[in-house]
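Chemist: So that we are looking at the same thing, I have put the structure below in structure tokens.
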Amino acid sequence: PPNLVRTIAKVSKWAYSKTENGLAVNLYGGNKLETYLQDQSVIKLRQETNYPWEGQVSIQVDACKDEAFEILLRIPDWAKGTKVMLNGEAISEEITAGSYTRIFRNWQPGDEIIIHFPMHVQMLEGHPRIEEVRNQLALKRGPLVYCIETPDLPENSSILDVYLDPHSDFQPSHRPDFLGGLTSISGNIYLRSYKGSGMYKSLESFSWDRHQTQFVPYYSWSNRGQAEMTVYKPAVW
């Protein structure tokens, strides 16, 4: 779709933005920035990271003016517990998820900011007024939401058979040779198939099958042949 192509083409322009006396880092990913601040002074930054697979982001100052200016760091709303280091020491500025952390100082070439984003696996639930996802859960890690696909289920199973246990231990694993290189999430799910052809039937028996499987980032689905996927799965409390 044209809007998707237009969005991808403009992403690089959204990575940074200028402030009255400095700049803001909006997006994270390996890149180099060479531009001018509002006062026409040169600023060069270098960003090195394996984000979103790893939570560490290094931002190095390669060139800047002698006078003090600000660098704003966007802390995503999901990133509660983020830590920021400047030249090897924790900063004193407040770090609040869902806002920008402001560092104002006389910067020098060689200064390095290191951001540590928390990257543990989380479960998401929707508001109970969202009827379609009531009593359902989704998995996310860092900025990525995950889904489950039929290639990762037993033969003749459906994504409609999948249930999640909120107490299950889901673990991330980076797989550089899988789907171009990504981090999947592994863990146990419950399976229960619907035996019947009608819209409704009496509940006569009830049993669960446990299955070890993996979840993949939502963006990567539909790359292993014809398959179905789902993000939200019913919870077994």
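Lettering and numbering for the structure tokens are positional, with chains as A, B, ... in the shown order, residues counted from 1 in each chain, and ligands counted from 1 in the shown order.
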Can you build me a table of range 102-177 of chain A residues sitting at most 9 Å from range 43-65 of chain A, with the closest atom pair per residue and its distance in Å to one decimal, using only C-alpha atoms, sorted by chain and residue number, as JSON lines?

Modeler:
{"residue": "A:Asn106", "atom": "CA", "partner": "A:Lys65", "partner_atom": "CA", "distance": 8.4}
{"residue": "A:Trp107", "atom": "CA", "partner": "A:Cys64", "partner_atom": "CA", "distance": 7.0}
{"residue": "A:Gln108", "atom": "CA", "partner": "A:Cys64", "partner_atom": "CA", "distance": 6.6}
{"residue": "A:Pro109", "atom": "CA", "partner": "A:Asp62", "partner_atom": "CA", "distance": 4.8}
{"residue": "A:Gly110", "atom": "CA", "partner": "A:Val61", "partner_atom": "CA", "distance": 5.5}
{"residue": "A:Asp111", "atom": "CA", "partner": "A:Val61", "partner_atom": "CA", "distance": 5.4}
{"residue": "A:Glu112", "atom": "CA", "partner": "A:Gln60", "partner_atom": "CA", "distance": 4.4}
{"residue": "A:Ile113", "atom": "CA", "partner": "A:Ile59", "partner_atom": "CA", "distance": 5.0}
{"residue": "A:Ile114", "atom": "CA", "partner": "A:Ser58", "partner_atom": "CA", "distance": 4.5}
{"residue": "A:Ile115", "atom": "CA", "partner": "A:Val57", "partner_atom": "CA", "distance": 5.0}
{"residue": "A:His116", "atom": "CA", "partner": "A:Gln56", "partner_atom": "CA", "distance": 4.6}
{"residue": "A:Phe117", "atom": "CA", "partner": "A:Gly55", "partner_atom": "CA", "distance": 4.5}
{"residue": "A:Pro118", "atom": "CA", "partner": "A:Gly55", "partner_atom": "CA", "distance": 6.2}
{"residue": "A:Met119", "atom": "CA", "partner": "A:Gly55", "partner_atom": "CA", "distance": 5.9}
{"residue": "A:Arg141", "atom": "CA", "partner": "A:Pro52", "partner_atom": "CA", "distance": 8.7}
{"residue": "A:Gly142", "atom": "CA", "partner": "A:Pro52", "partner_atom": "CA", "distance": 6.7}
{"residue": "A:Pro143", "atom": "CA", "partner": "A:Pro52", "partner_atom": "CA", "distance": 6.9}
{"residue": "A:Leu144", "atom": "CA", "partner": "A:Pro52", "partner_atom": "CA", "distance": 7.6}
{"residue": "A:His174", "atom": "CA", "partner": "A:Trp53", "partner_atom": "CA", "distance": 7.5}

Chemist: Extract the full set of strand (DSSP E or B) residues from range 101-234 of chain A according to DSSP on the backbone, and format it as a ChimeraX atom specification.

Modeler: /A:101-105,112-116,121-125,136-141,144-149,162-164,171-175,182-191,209-217,229-230,233-234

Chemist: Enter the distance from CA of Ser158 in chain A to CA of Arg129 in chain A, in Å, rounded to one decimal.

Modeler: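 One can read the CA of Ser158 in chain A to CA of Arg129 in chain A distance as 26.6 Å.
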
Chemist: Go through A:Leu164, A:Gly196, A:Met229, A:Thr35 one by one, measure the shortest atom-to-atom distance of each to Gln212 in chain A using only C-alpha atoms, and give the residue with the smallest value.

Modeler: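 Result for the nearest residue to Gln212 in chain A: A:Leu164.
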
Chemist: Nearest to Gln38 in chain A among A:Asn26, A:Pro76, A:Asn135, A:Glu20, with distances taken over only C-alpha atoms: which residue is it?

Modeler: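 That would be A:Glu20, the residue with the smallest distance to Gln38 in chain A.
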
Chemist: Hey, what's within 7 Å of Asn188 in chain A if we count only C-alpha atoms and toss same-chain stuff fewer than 2 positions away? As a list in words, please?

Modeler: Ser168, Tyr190, Arg210, His211, Gln212 and Thr213 of chain A

Chemist: Restrict the selected residues to all heavy atoms and save them as an mmCIF file, in the first residue's frame.

Modeler:
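Just written: part-v3.cif:
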data_model
loop_
_atom_site.group_PDB
_atom_site.id
_atom_site.type_symbol
_atom_site.label_atom_id
_atom_site.label_comp_id
_atom_site.auth_asym_id
_atom_site.auth_seq_id
_atom_site.Cartn_x
_atom_site.Cartn_y
_atom_site.Cartn_z
ATOM 1 N N SER A 168 3.276 -19.397 32.971
ATOM 2 C CA SER A 168 4.298 -20.108 32.215
ATOM 3 C C SER A 168 5.580 -19.283 32.130
ATOM 4 O O SER A 168 5.556 -18.046 32.167
ATOM 5 C CB SER A 168 3.806 -20.425 30.801
ATOM 6 O OG SER A 168 2.771 -21.378 30.833
ATOM 7 N N TYR A 190 -1.087 -24.534 26.120
ATOM 8 C CA TYR A 190 -2.114 -25.566 26.229
ATOM 9 C C TYR A 190 -2.860 -25.657 24.913
ATOM 10 O O TYR A 190 -3.105 -24.647 24.246
ATOM 11 C CB TYR A 190 -3.107 -25.225 27.345
ATOM 12 C CG TYR A 190 -2.558 -25.414 28.738
ATOM 13 C CD1 TYR A 190 -2.178 -24.325 29.517
ATOM 14 C CD2 TYR A 190 -2.430 -26.692 29.283
ATOM 15 C CE1 TYR A 190 -1.679 -24.488 30.792
ATOM 16 C CE2 TYR A 190 -1.935 -26.867 30.561
ATOM 17 C CZ TYR A 190 -1.561 -25.764 31.307
ATOM 18 O OH TYR A 190 -1.064 -25.940 32.571
ATOM 19 N N ARG A 210 -0.341 -30.290 26.638
ATOM 20 C CA ARG A 210 0.733 -29.297 26.736
ATOM 21 C C ARG A 210 1.685 -29.465 25.556
ATOM 22 O O ARG A 210 1.966 -30.583 25.119
ATOM 23 C CB ARG A 210 1.488 -29.441 28.057
ATOM 24 C CG ARG A 210 0.688 -28.969 29.263
ATOM 25 C CD ARG A 210 1.456 -29.233 30.548
ATOM 26 N NE ARG A 210 2.685 -28.453 30.623
ATOM 27 C CZ ARG A 210 2.766 -27.217 31.124
ATOM 28 N NH1 ARG A 210 1.677 -26.624 31.575
ATOM 29 N NH2 ARG A 210 3.918 -26.588 31.187
ATOM 30 N N HIS A 211 2.174 -28.332 25.068
ATOM 31 C CA HIS A 211 3.054 -28.376 23.897
ATOM 32 C C HIS A 211 4.107 -27.295 24.013
ATOM 33 O O HIS A 211 3.792 -26.131 24.298
ATOM 34 C CB HIS A 211 2.238 -28.176 22.617
ATOM 35 C CG HIS A 211 3.058 -28.170 21.370
ATOM 36 N ND1 HIS A 211 3.694 -29.285 20.883
ATOM 37 C CD2 HIS A 211 3.355 -27.149 20.498
ATOM 38 C CE1 HIS A 211 4.341 -28.977 19.765
ATOM 39 N NE2 HIS A 211 4.154 -27.690 19.513
ATOM 40 N N GLN A 212 5.372 -27.672 23.809
ATOM 41 C CA GLN A 212 6.466 -26.717 23.784
ATOM 42 C C GLN A 212 6.548 -26.114 22.386
ATOM 43 O O GLN A 212 6.622 -26.834 21.389
ATOM 44 C CB GLN A 212 7.786 -27.414 24.131
ATOM 45 C CG GLN A 212 9.015 -26.545 24.019
ATOM 46 C CD GLN A 212 9.210 -25.618 25.202
ATOM 47 O OE1 GLN A 212 8.575 -25.823 26.239
ATOM 48 N NE2 GLN A 212 10.032 -24.598 25.054
ATOM 49 N N THR A 213 6.551 -24.791 22.307
ATOM 50 C CA THR A 213 6.528 -24.145 21.000
ATOM 51 C C THR A 213 7.275 -22.826 21.038
ATOM 52 O O THR A 213 7.903 -22.476 22.057
ATOM 53 C CB THR A 213 5.076 -23.922 20.537
ATOM 54 O OG1 THR A 213 5.077 -23.498 19.163
ATOM 55 C CG2 THR A 213 4.388 -22.881 21.384
#

Chemist: Looking at only C-alpha atoms, which of A:Thr230, A:Thr7, A:Ser17, A:Ser220 is the one that sits closest to Thr150 in chain A?

Modeler: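 Counting only C-alpha atoms, the residue closest to Thr150 in chain A is A:Thr230.
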
Chemist: From the list A:Asn21, A:Gly30, A:Lys233, A:Ser222, which residue is nearest Val133 in chain A when using only C-alpha atoms?

Modeler: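 Of A:Asn21, A:Gly30, A:Lys233, A:Ser222, the one nearest Val133 in chain A is A:Lys233, counting only C-alpha atoms.
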
Chemist: Excluding same-chain residues fewer than 3 positions from Arg175 in chain A, what lies within 12 Å of it counting only C-alpha atoms, as a short mmCIF file (atom, residue, chain, number, x, y, z; two decimals) with N, CA and C atoms, in the first residue's frame?

Modeler:
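What follows is the written file selection-v6.cif:
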data_model
loop_
_atom_site.label_atom_id
_atom_site.label_comp_id
_atom_site.auth_asym_id
_atom_site.auth_seq_id
_atom_site.Cartn_x
_atom_site.Cartn_y
_atom_site.Cartn_z
N TRP A 53 16.70 -6.53 19.38
CA TRP A 53 16.99 -7.85 19.95
C TRP A 53 17.70 -7.74 21.29
N PRO A 172 13.31 -15.85 25.86
CA PRO A 172 13.74 -15.42 24.52
C PRO A 172 14.98 -16.18 24.07
N PHE A 178 17.36 -17.82 11.39
CA PHE A 178 15.93 -18.08 11.24
C PHE A 178 15.23 -16.80 10.79
N LEU A 179 14.58 -16.87 9.63
CA LEU A 179 13.82 -15.75 9.07
C LEU A 179 14.63 -14.46 9.02
N GLY A 180 15.89 -14.58 8.60
CA GLY A 180 16.73 -13.41 8.46
C GLY A 180 17.40 -12.96 9.74
N GLY A 181 17.19 -13.71 10.82
CA GLY A 181 17.78 -13.35 12.11
C GLY A 181 16.79 -12.62 12.99
N LEU A 182 16.35 -13.26 14.06
CA LEU A 182 15.41 -12.64 14.98
C LEU A 182 15.46 -13.35 16.33
N THR A 183 14.81 -12.76 17.31
CA THR A 183 14.67 -13.38 18.62
C THR A 183 13.27 -13.93 18.76
N SER A 184 13.17 -15.23 18.97
CA SER A 184 11.87 -15.87 19.20
C SER A 184 11.67 -16.05 20.70
N ILE A 185 10.46 -16.41 21.09
CA ILE A 185 10.13 -16.67 22.48
C ILE A 185 9.61 -18.09 22.58
N SER A 186 10.20 -18.87 23.47
CA SER A 186 9.82 -20.28 23.62
C SER A 186 9.14 -20.51 24.96
N GLN A 214 7.20 -22.09 19.96
CA GLN A 214 7.84 -20.78 19.89
C GLN A 214 6.86 -19.74 19.36
N VAL A 216 6.90 -15.89 17.34
CA VAL A 216 7.77 -15.07 16.49
C VAL A 216 7.24 -13.64 16.47
#

Chemist: Please identify the helix (DSSP H, G or I) residues within range 4-213 of chain A (assignment by DSSP from backbone atoms) and present them as a ChimeraX atom specification.

Modeler: /A:4-14,131-133,150-152,159-161

Chemist: For Thr96 in chain A, work out the shell of residues within 9 Å, counting only C-alpha atoms and skipping chain neighbours fewer than 5 positions away, then give it as a list in words.

Modeler: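 My reading of the contact set: Ile75, Pro76, Asp77, Ala79, Lys80, Gly81, Thr82 and Thr101 of chain A.
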
Chemist: A:Gln171, A:Ser193, A:Val121, A:Glu67: which is nearest Pro154 in chain A, counting only C-alpha atoms?

Modeler: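 Under the stated criterion, the closest residue is A:Ser193.
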
Chemist: What does the distance from CA of Leu124 in chain A to CA of Phe206 in chain A come to in Å, to one decimal?

Modeler: 26.6 Å

Chemist: Please provide as a list of chain:residue names all residues within 12 Å of Ser207 in chain A, with the sequence filter that same-chain residues fewer than 3 positions apart are discarded (counting only C-alpha atoms).

Modeler: A:Asp161, A:Tyr190, A:Leu191, A:Arg192, A:Ser193, A:Tyr194, A:Lys195, A:Leu203, A:Glu204, A:Arg210
